[in-house]
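Worksheet: the structure to be examined is printed underneath.
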Amino acid sequence: MEVRVTCRIDRPLDEVRAQFADIRHHAEAQVHRNVRFEPITGSQRFRQVTRKGPLRLRQEIQLGVDDDGTIVQRVVAGALHGSTLRYVFARAELGTVVTAEAQVPLPRVARVAGPLLCRSLGRALTTALDEDRLDLESGRYADRSRC
């Protein structure tokens, strides 16, 4: 299953990319309402717990950056093991355009529910991008990164 959503953020590209890669900031500032981050010391890994109603989705994620500046999160343990989330950044006339591209391998039995899961994941990614946009456009990230 593949999902792609896009958001424009009224901040410079370098600042936007830095905020997306800053898991410690996400953990401390609680950027995402239903997601908790726990950086794993000494590595580019973190644990993520996502709340969806009464459910808790736990996973461990490896963070990387491609040569072109794309941020890549690979789920290395947990319910969505094998999934990949890529954040692609492009300069825009006013700010930065961020495209989130999720690839989630579905077991054969879950493929019937693919369209429903796709819509749900699309909504979750749209919400997450909007929360990052609000964090950046409010100036909270720029203020914290200067400390």
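Residues are referred to by chain and number: the chain letter is A, B, ... according to the order shown in the structure tokens, the number counts from 1 in that chain, and ligands are numbered separately from 1 in the order shown.
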Near stretch 118-137 of chain A, 9 Å: stretch 20-93 of chain A residue rows, closest pairs, only C-alpha atoms, as a Markdown table:
| residue | atom | partner | partner_atom | distance |
| --- | --- | --- | --- | --- |
| A:Phe20 | CA | A:Asp132 | CA | 7.7 |
| A:Ala29 | CA | A:Asp135 | CA | 8.9 |
| A:Val31 | CA | A:Glu131 | CA | 6.4 |
| A:His32 | CA | A:Glu131 | CA | 6.0 |
| A:Arg33 | CA | A:Glu131 | CA | 8.1 |
Taking C-alpha atoms for each residue, export the selection above as an mmCIF file, in the first residue's frame.
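As a result, selection-v2.cif now contains:
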data_model
loop_
_atom_site.group_PDB
_atom_site.id
_atom_site.type_symbol
_atom_site.label_atom_id
_atom_site.label_comp_id
_atom_site.auth_asym_id
_atom_site.auth_seq_id
_atom_site.Cartn_x
_atom_site.Cartn_y
_atom_site.Cartn_z
ATOM 1 C CA PHE A 20 11.459 16.850 10.655
ATOM 2 C CA ALA A 29 7.595 19.597 22.462
ATOM 3 C CA VAL A 31 4.474 18.139 18.321
ATOM 4 C CA HIS A 32 2.020 15.348 17.472
ATOM 5 C CA ARG A 33 -1.022 15.043 19.710
#
**Item:** Polymer residues at most 7 Å from A:Ala100, only C-alpha atoms, same-chain spacing of 6 or more positions, as a list in words
**Value:** Arg4, Val5, Thr6, Leu85, Arg86, Tyr87 and Val88 of chain A
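Shortest atom-to-atom contact with A:Asp66 among A:Ala21, A:Val98, A:Leu80, A:Leu117: A:Ala21, counting only C-alpha atoms.
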Based on the backbone DSSP call, show me all residues of chain A assigned strand (DSSP E), as a short mmCIF file (atom, residue, chain, number, x, y, z; two decimals) with N, CA and C atoms, in the first residue's frame.
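Heads up, here's the output in states.cif:
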data_model
loop_
_atom_site.label_atom_id
_atom_site.label_comp_id
_atom_site.auth_asym_id
_atom_site.auth_seq_id
_atom_site.Cartn_x
_atom_site.Cartn_y
_atom_site.Cartn_z
N GLU A 2 0.57 2.20 -0.83
CA GLU A 2 1.32 3.45 -0.89
C GLU A 2 0.37 4.63 -0.72
N VAL A 3 0.82 5.60 0.07
CA VAL A 3 0.04 6.82 0.30
C VAL A 3 0.98 7.99 0.17
N ARG A 4 0.50 9.07 -0.46
CA ARG A 4 1.31 10.29 -0.62
C ARG A 4 0.43 11.50 -0.30
N VAL A 5 0.94 12.37 0.59
CA VAL A 5 0.25 13.62 0.90
C VAL A 5 1.28 14.75 0.88
N THR A 6 0.79 15.96 0.61
CA THR A 6 1.67 17.12 0.47
C THR A 6 1.15 18.28 1.31
N CYS A 7 2.09 19.09 1.80
CA CYS A 7 1.74 20.24 2.62
C CYS A 7 2.75 21.36 2.33
N ARG A 8 2.28 22.60 2.30
CA ARG A 8 3.19 23.75 2.18
C ARG A 8 3.37 24.36 3.55
N ILE A 9 4.62 24.62 3.90
CA ILE A 9 4.96 25.19 5.21
C ILE A 9 5.68 26.51 4.97
N VAL A 35 0.95 10.99 19.29
CA VAL A 35 2.18 10.22 19.08
C VAL A 35 3.21 10.62 20.14
N ARG A 36 3.86 9.62 20.70
CA ARG A 36 4.94 9.87 21.65
C ARG A 36 6.23 9.28 21.06
N PHE A 37 7.30 10.05 21.19
CA PHE A 37 8.60 9.65 20.67
C PHE A 37 9.57 9.42 21.82
N GLU A 38 10.40 8.40 21.69
CA GLU A 38 11.44 8.13 22.67
C GLU A 38 12.74 7.88 21.91
N PRO A 39 13.61 8.89 21.83
CA PRO A 39 14.90 8.68 21.15
C PRO A 39 15.71 7.60 21.87
N ARG A 45 17.89 5.89 15.97
CA ARG A 45 16.65 5.13 16.17
C ARG A 45 15.80 5.79 17.23
N PHE A 46 14.51 5.53 17.14
CA PHE A 46 13.60 5.98 18.18
C PHE A 46 12.41 5.04 18.26
N ARG A 47 11.81 5.03 19.44
CA ARG A 47 10.57 4.29 19.63
C ARG A 47 9.42 5.27 19.47
N GLN A 48 8.35 4.79 18.87
CA GLN A 48 7.19 5.63 18.64
C GLN A 48 5.95 4.87 19.08
N VAL A 49 5.12 5.54 19.85
CA VAL A 49 3.84 4.96 20.28
C VAL A 49 2.75 5.87 19.75
N THR A 50 1.88 5.32 18.92
CA THR A 50 0.78 6.08 18.32
C THR A 50 -0.53 5.59 18.91
N ARG A 51 -1.34 6.54 19.38
CA ARG A 51 -2.66 6.21 19.92
C ARG A 51 -3.70 6.40 18.82
N LYS A 52 -4.53 5.42 18.64
CA LYS A 52 -5.66 5.51 17.72
C LYS A 52 -6.86 4.94 18.47
N LEU A 55 -6.49 1.86 20.89
CA LEU A 55 -5.33 1.09 20.44
C LEU A 55 -4.03 1.86 20.62
N ARG A 56 -2.95 1.12 20.86
CA ARG A 56 -1.60 1.68 20.94
C ARG A 56 -0.74 0.92 19.93
N LEU A 57 -0.17 1.64 18.99
CA LEU A 57 0.71 1.05 17.98
C LEU A 57 2.14 1.38 18.36
N ARG A 58 2.92 0.36 18.71
CA ARG A 58 4.31 0.56 19.13
C ARG A 58 5.23 0.08 18.03
N GLN A 59 6.26 0.88 17.78
CA GLN A 59 7.24 0.48 16.78
C GLN A 59 8.58 1.14 17.04
N GLU A 60 9.62 0.57 16.46
CA GLU A 60 10.95 1.14 16.53
C GLU A 60 11.33 1.54 15.11
N ILE A 61 11.88 2.75 15.00
CA ILE A 61 12.12 3.34 13.68
C ILE A 61 13.57 3.78 13.56
N GLN A 62 14.15 3.49 12.40
CA GLN A 62 15.50 3.92 12.04
C GLN A 62 15.36 5.16 11.16
N LEU A 63 16.01 6.24 11.56
CA LEU A 63 15.96 7.51 10.83
C LEU A 63 17.20 7.64 9.97
N GLY A 64 17.01 8.04 8.73
CA GLY A 64 18.14 8.27 7.83
C GLY A 64 17.86 9.43 6.91
N VAL A 65 18.92 9.90 6.26
CA VAL A 65 18.80 11.00 5.31
C VAL A 65 19.49 10.58 4.02
N ILE A 71 14.32 12.70 4.04
CA ILE A 71 14.37 12.02 5.33
C ILE A 71 13.60 10.71 5.19
N VAL A 72 14.22 9.62 5.63
CA VAL A 72 13.62 8.30 5.50
C VAL A 72 13.50 7.68 6.89
N GLN A 73 12.29 7.22 7.20
CA GLN A 73 12.04 6.50 8.45
C GLN A 73 11.64 5.07 8.07
N ARG A 74 12.44 4.10 8.56
CA ARG A 74 12.16 2.69 8.29
C ARG A 74 11.73 2.02 9.59
N VAL A 75 10.59 1.37 9.56
CA VAL A 75 10.11 0.65 10.74
C VAL A 75 10.87 -0.67 10.82
N VAL A 76 11.69 -0.81 11.89
CA VAL A 76 12.54 -1.99 12.03
C VAL A 76 11.98 -2.98 13.04
N ALA A 77 11.00 -2.57 13.82
CA ALA A 77 10.34 -3.48 14.76
C ALA A 77 8.96 -2.93 15.08
N GLY A 78 8.02 -3.84 15.28
CA GLY A 78 6.67 -3.42 15.64
C GLY A 78 5.65 -3.86 14.61
N THR A 84 7.99 2.01 5.27
CA THR A 84 8.92 3.13 5.06
C THR A 84 8.11 4.41 4.90
N LEU A 85 8.59 5.48 5.52
CA LEU A 85 8.00 6.80 5.38
C LEU A 85 9.10 7.74 4.92
N ARG A 86 8.89 8.37 3.77
CA ARG A 86 9.88 9.29 3.20
C ARG A 86 9.29 10.70 3.19
N TYR A 87 10.12 11.67 3.61
CA TYR A 87 9.74 13.08 3.56
C TYR A 87 10.63 13.75 2.51
N VAL A 88 10.00 14.23 1.45
CA VAL A 88 10.71 14.89 0.37
C VAL A 88 10.43 16.39 0.48
N PHE A 89 11.48 17.21 0.38
CA PHE A 89 11.38 18.65 0.58
C PHE A 89 11.72 19.38 -0.71
N ALA A 90 10.94 20.44 -1.00
CA ALA A 90 11.21 21.28 -2.17
C ALA A 90 10.97 22.74 -1.80
N ARG A 91 11.85 23.59 -2.28
CA ARG A 91 11.66 25.03 -2.06
C ARG A 91 10.43 25.47 -2.84
N ALA A 92 9.67 26.36 -2.21
CA ALA A 92 8.49 26.93 -2.86
C ALA A 92 8.66 28.45 -2.84
N GLY A 95 8.12 29.54 1.21
CA GLY A 95 8.38 28.46 2.13
C GLY A 95 8.84 27.17 1.49
N THR A 96 8.28 26.07 1.98
CA THR A 96 8.73 24.73 1.61
C THR A 96 7.52 23.84 1.37
N VAL A 97 7.62 22.99 0.36
CA VAL A 97 6.60 21.96 0.12
C VAL A 97 7.18 20.64 0.62
N VAL A 98 6.42 19.97 1.50
CA VAL A 98 6.83 18.68 2.04
C VAL A 98 5.86 17.63 1.50
N THR A 99 6.43 16.57 0.95
CA THR A 99 5.63 15.44 0.50
C THR A 99 5.99 14.24 1.36
N ALA A 100 4.99 13.66 2.00
CA ALA A 100 5.17 12.44 2.80
C ALA A 100 4.70 11.27 1.95
N GLU A 101 5.58 10.29 1.81
CA GLU A 101 5.28 9.10 1.01
C GLU A 101 5.43 7.87 1.90
N ALA A 102 4.32 7.20 2.18
CA ALA A 102 4.34 6.00 3.03
C ALA A 102 4.18 4.76 2.17
N GLN A 103 5.00 3.75 2.47
CA GLN A 103 4.88 2.45 1.83
C GLN A 103 4.73 1.42 2.95
#
**Item:** Nearest-residue call for A:Pro105, choices A:Asp22, A:Met1, A:Tyr141, A:Asp67, using only C-alpha atoms
**Value:**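 Once distances to A:Pro105 are computed over only C-alpha atoms, the minimum belongs to A:Met1.
Computed from the coordinates, the atom CA of A:Thr70 to atom CA of A:Pro115 distance equals 26.7 Å.
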